[in-house]
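A short worksheet on the structure shown next.
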Amino acid sequence: MKLFRTTLIAAAILGFSSASFAEDAKPLKVGLMLPATGTYAALGTAIENGFKLYTKEQGDKLGGRPIEFIKVDDESDPAKATDNVNKLIKGDNVDVLIGTVHSGVAMAMAKAAKESGTILIVPNAGAQAVTGPMCSPNIFRSSFSNWQPGYAMGEVVAQKGHKKVVTITWKYAAGDESVQGFKDGFTKSGGEVIKELNLPFPNVEFQALLTEIAALKPDAVYTFFAGGGAVKFVKDYKAAGLKDSIPLYGAGFLTDGTLEAQGGDAEGLLTTLHYADKLDNAKDKAFRTAYNDAYKMQPDVYAVQGYDAAQILKVGLDAVQGDVSKKAEFAAAVEAAKFDSPRGEFTLSKAHNPVQDIYLREAKGLENPSISIASKALADPAKGCSMK
Amino acid sequence: MDLSIFLIQCLNSLQYGLLLFLVAMGLTLIFGIMGVINLAHGSFYMIGAYMAYALSPIVASAFGGGFFSVLIIGLVLAVILGYFLEWAFFSFLYDRDHLQQVLMTYGLILVFEELRSLLVGDDVHGVQPPDFLAGVIPLGDVMTYPVYRLFISAVCLLLALGMYYIFTRTRLGMMIRAGSTNREMVQSLGIDIKLLYRIVFAAGVALAAFAGMISAPVSTVYPGMGSQVLIICFVVVVIGGIGSIRGAFLAAMLIGFVDTFGKVLLPEAAGVLVYVLMALILLWKPDGLFKTS
């Protein structure tokens with residue numbers, strides 16, 4: 001009898017401990033597939049910093065589970081994307097995928113996540129298709145769609161009384177989608193896009209097209225460029241003498257993280273984006289202080305997107321007590337939630353893209369302070385998504 | 001397109017063509033004349049651009065600044081780098097096959113990219129042109145043209161003439177040309193071919209870095225800028241006829257015009273026009289425009 005009792009107690013202890021082990025000690029495997037080298041390396045770092053800042057605030061646990069990060073450098077190379085994402089999903093058996101910056105790579109991740117059912121949160125890439133034709137209950141985006149800043153700027157440019165506008169961008173998905181957004185917003189308000197100028201990505205020899213703009217003499221120019229191309233375009237536009245005669249408007253990436261390199265040539269440019277400097281909200285102030293304390297630098301829009309990706313993950317995981325197999329409950333909780341982001345409050349649409357305020361910003365010195373809200377709670381039309 | 005716009009586009013074409021020639025000149029030496037497939041050419045260009053960015057504050061504090069002192073210091077450093085690289089790596093490659101040359105120079109790209117990331121970071125940087133070249137010239141009623149771009153064109157023309165003179169009219173040029181045709185024969189005539197090639201290689205690296213330094217204010221300085229110019233440089237050298245300076249010059253001009261007018265008249269095909277041009281020329285003249293043998 002005594003032996004029976006000890007066995008029972010031992011079994012109970014063993015059983016209990018193994019049960020509790022299964023419930024909260026099994027780490028949540030988070031696959032971070034971000035660029036660590038190449039043109040977008042700095043963006044990848046900012047996203048990872050933002051994400052980890054939030055998990056740290058949560059005591060390094062989400063949905064009651066400790067977090068184990070598995071990192072892959074995607075090199076912003078679409079050719080390697082499928083291999084990289086399969087390595088995470090099948091090789092490492094990750095519970096959640098976070099990534100990435102480059103739209104081409106993000107598309108490969110979305111395709112793999114749609115097939116395997118792994119939860120994917122996209123912290124930057126703005127390709128329409130991720131929350132359009134590729135949309136899926138387990139795919140979310142914490143950033144924006146390329147259409148959103150473009151559409152908001154279309155409305156702004158129309159309100160400024162411009163009638164005839166020329167657009168100029170790289171001939172690739174992000175540029176095309178941003179210009180399409182601009183056209184939707186601008187033509188709806190009675191404007192006309194008289195010419196769409198394109199050059200192959202990532203060509204930065206703008207002189208021929210700047211001459212064409214001077215010949216067309218439009219009321220204004222809308223542009224989508226980022227990184228080195230944005231710096232060179234803004235400088236060339238100024239040097240060609242067009243800045244004072246034909247106002248230039250752009251999606252926010254034109255002046256984000258590039259102002260120092262543009263050296264004053266960007267001063268006064270108006271851009272639209274879902275984040276800005278000098279936002280008057282308490283969350284942003286707290287976020288900026290915490291980020292600066294942790295990483296000794298100021299956060300940017302990419303850090304915010306990383307931070308919010310972690311917020312989305314927490315809301316979903318809390319609703320299912322850390323059990324990632326309950327996808328429907330996870331998605332329902334995320335769709336119902338309001339996210340208190342440094343950018344201001346946002347929700348996710350049925351297609352899982354942020355419904356958010358788009359700010360109108362003016363480049364001043366090394367900052368892009370918000371001057372007004374260009375479009376309030378703007379939702380992407382999510383063309384081609386079956387979940388609407 | 002009215003006449004004034006057409007003329008401005010011609011100016012754009014010329015200017016772009018000259019810039020291309022400037023950037024491709026170093027490759028003409030190393031790939032064209034020495035026969036080494038040098039994929040690291042873009043990295044040398046990038047190193048030059050980053051030197052223009054990183055050296056100016058240092059030079060400013062040490063010598064009170066000056067655009068030309070930055071250029072000269074950068075050139076000296078580039079020659080030293082080229083001399084060292086030839087001694088340490090490239091001197092082993094002349095007799096190897098092309099695959100090994102490709103592998104090693106590709107390795108160098110990775111090393112230089114990583115070093116750049118460690119030393120200067122991954123941000124985009126701007127370089128200001130010197131004050132006396134910062135102005136603009138009005139062109140028509142709306143446009144202006146930056147003086148600095150015209151300055152680059154002038155520098156490029158001078159360099160082109162200088163190179164042409166050295167290669168066709170001087171003893172040094174004769175030795176280099178002879179060495180590219182028959183190494184052993186030149187050596188048996190009592191010329192130190194190893195030293196000669198080391199100098200030519202260093203000059204090739206210095207030219208690439210010089211192109212990077214002088215175009216930095218126009219091109220801006222950013223990660224991956226080297227790989228952007230690499231392909232077009234090979235196109236210039238191949239169209240021109242491997243080893244021909246005259247050919248490279250003509251090829252760069254052709255590409256300048258095709259690219260500029262292609263962007264305006266055939267925007268849908270702008271990305272491939274240059275390569276179509278290359279294919280057509282190689283079909284017509286498989287060795288390029290001016291083959292020197």
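Following the order of the structure tokens, first chain is A, next is B, and so on, with residues numbered from 1 inside each chain and ligands from 1 in the order they appear.
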
Neighbours of chain B in chain A at 9 Å, counting only C-alpha atoms, as a ChimeraX atom specification: /A:37-42,171,197-205,207-212,214-215,217,227-229,231-232,235-236,239-242,245,257-258,260-263

Please give the complete set of residues from stretch 105-174 of chain B that DSSP, run on the backbone, assigns to helix (DSSP H, G or I), formatted as a CSV table (one decimal) with N, CA and C atoms, in the first residue's frame.
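The result, stored in selection.csv:
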chain,number,residue,atom,x,y,z
B,105,THR,N,38.1,37.1,-57.9
B,105,THR,CA,37.7,38.5,-57.9
B,105,THR,C,36.3,38.6,-57.3
B,106,TYR,N,35.4,37.5,-57.4
B,106,TYR,CA,34.1,37.5,-56.7
B,106,TYR,C,34.3,37.5,-55.2
B,107,GLY,N,35.3,36.7,-54.8
B,107,GLY,CA,35.6,36.7,-53.3
B,107,GLY,C,36.0,38.0,-52.8
B,108,LEU,N,36.8,38.7,-53.7
B,108,LEU,CA,37.2,40.1,-53.3
B,108,LEU,C,36.0,41.0,-53.1
B,109,ILE,N,35.0,40.9,-54.0
B,109,ILE,CA,33.8,41.7,-53.8
B,109,ILE,C,33.2,41.5,-52.4
B,110,LEU,N,33.0,40.2,-52.0
B,110,LEU,CA,32.4,39.9,-50.7
B,110,LEU,C,33.2,40.6,-49.6
B,111,VAL,N,34.6,40.4,-49.7
B,111,VAL,CA,35.4,40.9,-48.7
B,111,VAL,C,35.3,42.5,-48.6
B,112,PHE,N,35.3,43.1,-49.7
B,112,PHE,CA,35.3,44.6,-49.7
B,112,PHE,C,33.9,45.1,-49.2
B,113,GLU,N,32.8,44.4,-49.6
B,113,GLU,CA,31.5,44.8,-49.2
B,113,GLU,C,31.4,44.7,-47.6
B,114,GLU,N,31.9,43.6,-47.1
B,114,GLU,CA,31.8,43.3,-45.6
B,114,GLU,C,32.7,44.4,-44.9
B,115,LEU,N,33.9,44.7,-45.4
B,115,LEU,CA,34.7,45.7,-44.8
B,115,LEU,C,34.1,47.0,-44.8
B,116,ARG,N,33.4,47.3,-46.0
B,116,ARG,CA,32.7,48.6,-46.1
B,116,ARG,C,31.6,48.7,-45.0
B,117,SER,N,30.9,47.6,-44.8
B,117,SER,CA,29.8,47.6,-43.9
B,117,SER,C,30.4,47.8,-42.4
B,118,LEU,N,31.5,47.1,-42.1
B,118,LEU,CA,32.1,47.3,-40.8
B,118,LEU,C,32.6,48.7,-40.6
B,119,LEU,N,33.3,49.2,-41.6
B,119,LEU,CA,34.0,50.5,-41.4
B,119,LEU,C,33.1,51.7,-41.4
B,120,VAL,N,32.2,51.7,-42.4
B,120,VAL,CA,31.4,52.9,-42.7
B,120,VAL,C,29.9,52.7,-42.4
B,131,ASP,N,32.9,74.1,-53.6
B,131,ASP,CA,32.1,75.3,-53.8
B,131,ASP,C,32.2,75.9,-55.2
B,132,PHE,N,33.4,75.9,-55.7
B,132,PHE,CA,33.6,76.6,-57.0
B,132,PHE,C,33.0,75.9,-58.2
B,133,LEU,N,32.6,74.6,-57.9
B,133,LEU,CA,31.9,73.9,-59.0
B,133,LEU,C,30.5,73.6,-58.7
B,147,VAL,N,27.1,72.6,-63.0
B,147,VAL,CA,28.5,72.8,-63.5
B,147,VAL,C,29.4,71.6,-63.2
B,148,TYR,N,29.1,70.9,-62.1
B,148,TYR,CA,30.0,69.8,-61.7
B,148,TYR,C,29.9,68.7,-62.8
B,149,ARG,N,28.7,68.5,-63.4
B,149,ARG,CA,28.6,67.5,-64.4
B,149,ARG,C,29.5,67.8,-65.6
B,150,LEU,N,29.5,69.1,-66.0
B,150,LEU,CA,30.3,69.5,-67.1
B,150,LEU,C,31.8,69.3,-66.7
B,151,PHE,N,32.1,69.6,-65.4
B,151,PHE,CA,33.5,69.4,-65.0
B,151,PHE,C,33.9,67.9,-65.1
B,152,ILE,N,33.0,67.0,-64.7
B,152,ILE,CA,33.3,65.6,-64.9
B,152,ILE,C,33.6,65.2,-66.4
B,153,SER,N,32.8,65.8,-67.2
B,153,SER,CA,32.9,65.5,-68.7
B,153,SER,C,34.3,66.0,-69.1
B,154,ALA,N,34.7,67.2,-68.7
B,154,ALA,CA,36.0,67.7,-69.1
B,154,ALA,C,37.1,66.8,-68.6
B,155,VAL,N,37.1,66.5,-67.3
B,155,VAL,CA,38.1,65.6,-66.7
B,155,VAL,C,38.2,64.3,-67.5
B,156,CYS,N,37.0,63.8,-67.9
B,156,CYS,CA,37.0,62.5,-68.6
B,156,CYS,C,37.7,62.6,-70.0
B,157,LEU,N,37.3,63.7,-70.7
B,157,LEU,CA,37.9,63.9,-72.0
B,157,LEU,C,39.5,64.0,-71.9
B,158,LEU,N,39.9,64.8,-70.9
B,158,LEU,CA,41.4,64.9,-70.7
B,158,LEU,C,42.0,63.5,-70.4
B,159,LEU,N,41.4,62.7,-69.6
B,159,LEU,CA,41.9,61.4,-69.2
B,159,LEU,C,41.9,60.5,-70.5
B,160,ALA,N,40.9,60.6,-71.3
B,160,ALA,CA,40.8,59.8,-72.5
B,160,ALA,C,42.0,60.1,-73.4
B,161,LEU,N,42.2,61.4,-73.6
B,161,LEU,CA,43.3,61.8,-74.5
B,161,LEU,C,44.6,61.4,-73.9
B,162,GLY,N,44.8,61.5,-72.6
B,162,GLY,CA,46.0,61.2,-71.9
B,162,GLY,C,46.3,59.7,-72.1
B,163,MET,N,45.3,58.9,-71.8
B,163,MET,CA,45.5,57.4,-72.0
B,163,MET,C,45.8,57.0,-73.4
B,164,TYR,N,45.1,57.6,-74.3
B,164,TYR,CA,45.3,57.3,-75.8
B,164,TYR,C,46.8,57.7,-76.1
B,165,TYR,N,47.2,58.8,-75.6
B,165,TYR,CA,48.6,59.2,-75.9
B,165,TYR,C,49.6,58.3,-75.4
B,166,ILE,N,49.4,57.9,-74.1
B,166,ILE,CA,50.4,57.0,-73.4
B,166,ILE,C,50.5,55.7,-74.2
B,167,PHE,N,49.3,55.2,-74.6
B,167,PHE,CA,49.3,53.8,-75.2
B,167,PHE,C,49.8,53.8,-76.6
B,168,THR,N,49.6,54.9,-77.3
B,168,THR,CA,50.0,54.8,-78.7
B,168,THR,C,51.3,55.5,-79.1
B,169,ARG,N,51.7,56.5,-78.2
B,169,ARG,CA,52.8,57.3,-78.6
B,169,ARG,C,54.0,57.2,-77.6
B,171,ARG,N,56.9,55.0,-75.0
B,171,ARG,CA,57.6,53.7,-74.9
B,171,ARG,C,56.9,52.8,-73.9
B,172,LEU,N,56.4,53.4,-72.8
B,172,LEU,CA,55.7,52.6,-71.8
B,172,LEU,C,54.5,51.9,-72.4
B,173,GLY,N,53.7,52.7,-73.2
B,173,GLY,CA,52.6,52.1,-73.8
B,173,GLY,C,52.9,51.0,-74.7
B,174,MET,N,54.0,51.2,-75.4
B,174,MET,CA,54.5,50.1,-76.4
B,174,MET,C,54.8,48.8,-75.6

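The nearest approach to B:Ile80 among the residues B:Met253, B:Leu282, B:Ile239, B:Val205, with only C-alpha atoms taken into account, belongs to B:Val205.
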
Residue contacts of A:Ser145 (8 Å, only C-alpha atoms) excluding same-chain residues fewer than 2 positions away, as a PyMOL selection string: chain A and resi 125-128+143+147-149+353+380

Polymer residues at most 9 Å from stretch 359-370 of chain A, only C-alpha atoms, same-chain spacing of 5 or more positions, as a list in words: Pro149, Ala152, Met153, Val156, Gly252, Thr255, Asp256, Gly257, Thr258, Leu259, Glu260, Gly263, Gly264, Ala266, Glu267, Gly268, Leu269, Leu270, Thr271, Thr272, Leu273, His274, Tyr275, Ala276, Asp277, Lys278, Leu279, Ser375 and Lys376 of chain A

Please produce an output containing N, CA, C and O atoms for each residue in the selection, written as an mmCIF file, in the first residue's frame.
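again_10.cif written:
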data_model
loop_
_atom_site.group_PDB
_atom_site.id
_atom_site.type_symbol
_atom_site.label_atom_id
_atom_site.label_comp_id
_atom_site.auth_asym_id
_atom_site.auth_seq_id
_atom_site.Cartn_x
_atom_site.Cartn_y
_atom_site.Cartn_z
ATOM 1 N N PRO A 149 0.282 55.060 -48.994
ATOM 2 C CA PRO A 149 0.856 56.413 -49.032
ATOM 3 C C PRO A 149 0.579 57.118 -50.361
ATOM 4 O O PRO A 149 0.361 58.328 -50.400
ATOM 5 N N ALA A 152 -3.061 58.524 -50.401
ATOM 6 C CA ALA A 152 -3.172 59.707 -49.533
ATOM 7 C C ALA A 152 -2.538 60.920 -50.208
ATOM 8 O O ALA A 152 -3.080 62.032 -50.163
ATOM 9 N N MET A 153 -1.390 60.715 -50.862
ATOM 10 C CA MET A 153 -0.740 61.838 -51.520
ATOM 11 C C MET A 153 -1.554 62.326 -52.714
ATOM 12 O O MET A 153 -1.585 63.522 -53.012
ATOM 13 N N VAL A 156 -3.943 64.759 -51.379
ATOM 14 C CA VAL A 156 -3.273 66.001 -50.954
ATOM 15 C C VAL A 156 -2.939 66.878 -52.161
ATOM 16 O O VAL A 156 -3.197 68.081 -52.168
ATOM 17 N N GLY A 252 6.702 58.468 -48.542
ATOM 18 C CA GLY A 252 7.604 58.866 -47.471
ATOM 19 C C GLY A 252 9.031 58.372 -47.569
ATOM 20 O O GLY A 252 9.936 58.995 -47.016
ATOM 21 N N THR A 255 12.255 60.568 -48.322
ATOM 22 C CA THR A 255 13.018 61.379 -47.373
ATOM 23 C C THR A 255 13.223 60.661 -46.040
ATOM 24 O O THR A 255 13.546 61.291 -45.047
ATOM 25 N N ASP A 256 13.038 59.342 -46.005
ATOM 26 C CA ASP A 256 13.188 58.619 -44.748
ATOM 27 C C ASP A 256 14.552 57.956 -44.648
ATOM 28 O O ASP A 256 14.885 57.088 -45.451
ATOM 29 N N GLY A 257 15.345 58.365 -43.653
ATOM 30 C CA GLY A 257 16.687 57.809 -43.487
ATOM 31 C C GLY A 257 17.663 58.317 -44.535
ATOM 32 O O GLY A 257 18.771 57.823 -44.635
ATOM 33 N N THR A 258 17.255 59.301 -45.334
ATOM 34 C CA THR A 258 18.110 59.767 -46.422
ATOM 35 C C THR A 258 18.436 61.255 -46.305
ATOM 36 O O THR A 258 19.207 61.774 -47.092
ATOM 37 N N LEU A 259 17.846 61.936 -45.302
ATOM 38 C CA LEU A 259 17.943 63.398 -45.271
ATOM 39 C C LEU A 259 19.377 63.889 -45.111
ATOM 40 O O LEU A 259 19.769 64.887 -45.710
ATOM 41 N N GLU A 260 20.175 63.170 -44.313
ATOM 42 C CA GLU A 260 21.549 63.603 -44.123
ATOM 43 C C GLU A 260 22.313 63.556 -45.446
ATOM 44 O O GLU A 260 23.032 64.490 -45.809
ATOM 45 N N GLY A 263 21.523 66.279 -47.911
ATOM 46 C CA GLY A 263 22.218 67.515 -47.598
ATOM 47 C C GLY A 263 21.469 68.802 -47.901
ATOM 48 O O GLY A 263 21.997 69.688 -48.557
ATOM 49 N N GLY A 264 20.236 68.921 -47.465
ATOM 50 C CA GLY A 264 19.519 70.179 -47.642
ATOM 51 C C GLY A 264 18.696 70.260 -48.927
ATOM 52 O O GLY A 264 17.786 71.073 -49.024
ATOM 53 N N ALA A 266 16.561 68.283 -49.890
ATOM 54 C CA ALA A 266 15.213 67.768 -49.661
ATOM 55 C C ALA A 266 14.376 68.733 -48.818
ATOM 56 O O ALA A 266 13.186 68.504 -48.634
ATOM 57 N N GLU A 267 14.993 69.804 -48.319
ATOM 58 C CA GLU A 267 14.304 70.723 -47.408
ATOM 59 C C GLU A 267 12.939 71.159 -47.955
ATOM 60 O O GLU A 267 12.833 71.623 -49.096
ATOM 61 N N GLY A 268 11.910 70.968 -47.145
ATOM 62 C CA GLY A 268 10.577 71.424 -47.525
ATOM 63 C C GLY A 268 9.778 70.450 -48.366
ATOM 64 O O GLY A 268 8.608 70.704 -48.650
ATOM 65 N N LEU A 269 10.361 69.317 -48.759
ATOM 66 C CA LEU A 269 9.604 68.360 -49.564
ATOM 67 C C LEU A 269 8.464 67.759 -48.745
ATOM 68 O O LEU A 269 8.624 67.440 -47.569
ATOM 69 N N LEU A 270 7.300 67.576 -49.387
ATOM 70 C CA LEU A 270 6.152 66.966 -48.718
ATOM 71 C C LEU A 270 6.047 65.498 -49.116
ATOM 72 O O LEU A 270 6.101 65.168 -50.294
ATOM 73 N N THR A 271 5.911 64.651 -48.094
ATOM 74 C CA THR A 271 5.761 63.218 -48.360
ATOM 75 C C THR A 271 4.665 62.647 -47.474
ATOM 76 O O THR A 271 4.275 63.268 -46.481
ATOM 77 N N THR A 272 4.157 61.471 -47.834
ATOM 78 C CA THR A 272 3.127 60.810 -47.026
ATOM 79 C C THR A 272 3.616 59.447 -46.563
ATOM 80 O O THR A 272 4.219 58.705 -47.334
ATOM 81 N N LEU A 273 3.341 59.149 -45.284
ATOM 82 C CA LEU A 273 3.726 57.842 -44.740
ATOM 83 C C LEU A 273 2.895 57.572 -43.481
ATOM 84 O O LEU A 273 2.264 58.482 -42.944
ATOM 85 N N HIS A 274 2.927 56.325 -43.017
ATOM 86 C CA HIS A 274 2.146 55.960 -41.837
ATOM 87 C C HIS A 274 2.884 56.255 -40.537
ATOM 88 O O HIS A 274 2.446 55.845 -39.469
ATOM 89 N N TYR A 275 4.050 56.920 -40.632
ATOM 90 C CA TYR A 275 4.781 57.306 -39.433
ATOM 91 C C TYR A 275 5.466 58.636 -39.714
ATOM 92 O O TYR A 275 5.691 58.989 -40.875
ATOM 93 N N ALA A 276 5.767 59.388 -38.652
ATOM 94 C CA ALA A 276 6.403 60.691 -38.828
ATOM 95 C C ALA A 276 7.152 61.053 -37.568
ATOM 96 O O ALA A 276 6.961 60.436 -36.516
ATOM 97 N N ASP A 277 8.015 62.046 -37.676
ATOM 98 C CA ASP A 277 8.667 62.572 -36.480
ATOM 99 C C ASP A 277 7.720 63.534 -35.773
ATOM 100 O O ASP A 277 6.782 64.063 -36.369
ATOM 101 N N LYS A 278 7.999 63.786 -34.476
ATOM 102 C CA LYS A 278 7.222 64.720 -33.673
ATOM 103 C C LYS A 278 5.727 64.413 -33.667
ATOM 104 O O LYS A 278 4.888 65.304 -33.820
ATOM 105 N N LEU A 279 5.374 63.146 -33.561
ATOM 106 C CA LEU A 279 3.961 62.799 -33.408
ATOM 107 C C LEU A 279 3.570 63.128 -31.976
ATOM 108 O O LEU A 279 4.329 62.857 -31.049
ATOM 109 N N SER A 375 -4.773 61.276 -44.598
ATOM 110 C CA SER A 375 -5.911 60.398 -44.810
ATOM 111 C C SER A 375 -6.152 59.613 -43.530
ATOM 112 O O SER A 375 -5.242 58.962 -43.030
ATOM 113 N N LYS A 376 -7.369 59.735 -42.985
ATOM 114 C CA LYS A 376 -7.632 59.123 -41.690
ATOM 115 C C LYS A 376 -8.110 57.684 -41.853
ATOM 116 O O LYS A 376 -8.931 57.394 -42.719
#

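The list of residues with at least one atom within 9 Å of A:Val105, based on only C-alpha atoms and without residues fewer than 6 positions apart in the same chain, reads Asp74, Ser76, Asp77, Pro78, Ala79, Lys80, Ala81, Thr82, Gly99 and Ala125 of chain A.
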
Surrounding residues of A:Ala158 excluding itself and chain neighbours under 6 positions, 12 Å, only C-alpha atoms, as a ChimeraX atom specification: /A:151-152,164-165,182-193,219-222,249,374

DSSP strand (DSSP E or B) residues within stretch 303-349 of chain A, as a ChimeraX atom specification: /A:339-341,344-348

Write the residues of the preceding selection, restricted to all heavy atoms, as a short mmCIF file (atom, residue, chain, number, x, y, z; two decimals), in the first residue's frame.
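Written out: out_29.cif:
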data_model
loop_
_atom_site.label_atom_id
_atom_site.label_comp_id
_atom_site.auth_asym_id
_atom_site.auth_seq_id
_atom_site.Cartn_x
_atom_site.Cartn_y
_atom_site.Cartn_z
N PHE A 339 -4.55 48.15 -31.98
CA PHE A 339 -3.14 48.16 -31.61
C PHE A 339 -2.69 49.56 -31.24
O PHE A 339 -2.88 50.51 -32.00
CB PHE A 339 -2.29 47.59 -32.74
CG PHE A 339 -2.60 46.16 -33.02
CD1 PHE A 339 -3.47 45.81 -34.05
CD2 PHE A 339 -2.07 45.15 -32.24
CE1 PHE A 339 -3.79 44.49 -34.29
CE2 PHE A 339 -2.38 43.82 -32.47
CZ PHE A 339 -3.24 43.49 -33.50
N ASP A 340 -2.10 49.66 -30.05
CA ASP A 340 -1.60 50.94 -29.57
C ASP A 340 -0.15 51.08 -30.06
O ASP A 340 0.78 50.67 -29.38
CB ASP A 340 -1.66 50.97 -28.04
CG ASP A 340 -1.30 52.34 -27.50
OD1 ASP A 340 -1.31 53.30 -28.30
OD2 ASP A 340 -1.00 52.43 -26.30
N SER A 341 0.00 51.65 -31.24
CA SER A 341 1.30 51.71 -31.89
C SER A 341 1.91 53.09 -31.73
O SER A 341 1.20 54.07 -31.57
CB SER A 341 1.13 51.39 -33.37
OG SER A 341 2.25 51.81 -34.10
N GLY A 344 0.36 55.69 -33.77
CA GLY A 344 -1.03 55.99 -33.47
C GLY A 344 -1.80 54.68 -33.51
O GLY A 344 -1.25 53.65 -33.89
N GLU A 345 -3.07 54.73 -33.11
CA GLU A 345 -3.82 53.47 -33.03
C GLU A 345 -4.15 52.94 -34.43
O GLU A 345 -4.46 53.70 -35.33
CB GLU A 345 -5.13 53.74 -32.28
CG GLU A 345 -5.70 52.49 -31.65
CD GLU A 345 -6.85 52.86 -30.72
OE1 GLU A 345 -7.91 53.24 -31.25
OE2 GLU A 345 -6.68 52.76 -29.49
N PHE A 346 -4.03 51.62 -34.61
CA PHE A 346 -4.49 51.04 -35.87
C PHE A 346 -5.16 49.70 -35.64
O PHE A 346 -5.03 49.11 -34.56
CB PHE A 346 -3.33 50.91 -36.88
CG PHE A 346 -2.35 49.79 -36.60
CD1 PHE A 346 -2.53 48.52 -37.13
CD2 PHE A 346 -1.21 50.02 -35.82
CE1 PHE A 346 -1.62 47.50 -36.89
CE2 PHE A 346 -0.29 49.01 -35.57
CZ PHE A 346 -0.51 47.74 -36.10
N THR A 347 -5.93 49.27 -36.63
CA THR A 347 -6.55 47.94 -36.59
C THR A 347 -6.10 47.20 -37.84
O THR A 347 -5.46 47.78 -38.71
CB THR A 347 -8.08 48.03 -36.60
OG1 THR A 347 -8.48 48.78 -37.75
CG2 THR A 347 -8.60 48.72 -35.35
N LEU A 348 -6.44 45.93 -37.93
CA LEU A 348 -6.13 45.19 -39.15
C LEU A 348 -7.43 44.95 -39.93
O LEU A 348 -8.47 44.65 -39.34
CB LEU A 348 -5.45 43.85 -38.85
CG LEU A 348 -4.00 43.89 -38.41
CD1 LEU A 348 -3.40 42.49 -38.44
CD2 LEU A 348 -3.16 44.82 -39.27
#

Nearby residues (only C-alpha atoms) at most 12 Å from B:Leu55, same-chain spacing under 6 positions excluded, as a PyMOL selection string: chain B and resi 47-49+61-63+65-75+77+120+127+213

Dump as a CSV table (one decimal), in the first residue's frame, selection limited to N, CA and C atoms:
chain,number,residue,atom,x,y,z
B,47,ILE,N,35.1,51.7,-53.5
B,47,ILE,CA,36.1,52.2,-52.6
B,47,ILE,C,36.4,53.6,-52.8
B,48,GLY,N,36.6,54.0,-54.1
B,48,GLY,CA,36.8,55.4,-54.5
B,48,GLY,C,35.8,56.3,-53.9
B,49,ALA,N,34.5,56.0,-54.2
B,49,ALA,CA,33.4,56.8,-53.8
B,49,ALA,C,33.4,57.0,-52.2
B,61,SER,N,40.4,68.4,-41.5
B,61,SER,CA,41.0,68.8,-40.2
B,61,SER,C,42.6,68.8,-40.3
B,62,ALA,N,43.1,68.0,-41.2
B,62,ALA,CA,44.6,67.9,-41.3
B,62,ALA,C,45.2,69.0,-42.1
B,63,PHE,N,44.6,69.3,-43.3
B,63,PHE,CA,45.2,70.2,-44.2
B,63,PHE,C,44.3,71.4,-44.5
B,65,GLY,N,41.3,71.1,-45.6
B,65,GLY,CA,40.4,70.8,-46.7
B,65,GLY,C,40.9,71.0,-48.1
B,66,GLY,N,40.0,71.0,-49.0
B,66,GLY,CA,40.4,71.1,-50.4
B,66,GLY,C,40.0,69.9,-51.2
B,67,PHE,N,39.3,70.1,-52.2
B,67,PHE,CA,38.8,69.0,-53.1
B,67,PHE,C,39.9,68.3,-53.7
B,68,PHE,N,40.9,69.0,-54.2
B,68,PHE,CA,42.0,68.3,-54.9
B,68,PHE,C,42.9,67.6,-54.0
B,69,SER,N,43.1,68.0,-52.8
B,69,SER,CA,43.9,67.2,-51.9
B,69,SER,C,43.3,65.9,-51.5
B,70,VAL,N,41.9,65.9,-51.4
B,70,VAL,CA,41.2,64.6,-51.2
B,70,VAL,C,41.5,63.7,-52.4
B,71,LEU,N,41.3,64.3,-53.6
B,71,LEU,CA,41.5,63.5,-54.8
B,71,LEU,C,42.9,62.9,-54.8
B,72,ILE,N,43.9,63.7,-54.5
B,72,ILE,CA,45.3,63.2,-54.6
B,72,ILE,C,45.6,62.1,-53.6
B,73,ILE,N,45.2,62.4,-52.3
B,73,ILE,CA,45.4,61.4,-51.3
B,73,ILE,C,44.7,60.1,-51.6
B,74,GLY,N,43.4,60.2,-52.1
B,74,GLY,CA,42.7,59.0,-52.5
B,74,GLY,C,43.4,58.3,-53.6
B,75,LEU,N,43.9,59.0,-54.6
B,75,LEU,CA,44.7,58.3,-55.7
B,75,LEU,C,45.9,57.6,-55.1
B,77,LEU,N,46.4,56.4,-52.2
B,77,LEU,CA,45.9,55.2,-51.4
B,77,LEU,C,45.5,54.1,-52.4
B,120,VAL,N,32.2,51.7,-42.4
B,120,VAL,CA,31.4,52.9,-42.7
B,120,VAL,C,29.9,52.7,-42.4
B,127,VAL,N,27.8,63.4,-51.0
B,127,VAL,CA,29.1,64.1,-51.0
B,127,VAL,C,28.8,65.4,-51.7
B,213,MET,N,35.6,58.5,-56.9
B,213,MET,CA,35.8,59.7,-56.2
B,213,MET,C,35.2,60.9,-56.9

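When only C-alpha atoms are used to measure the gap to B:Phe44, the shortest distance among B:Thr170, B:Ser244, B:Gln101, B:Ser227 belongs to B:Ser227.
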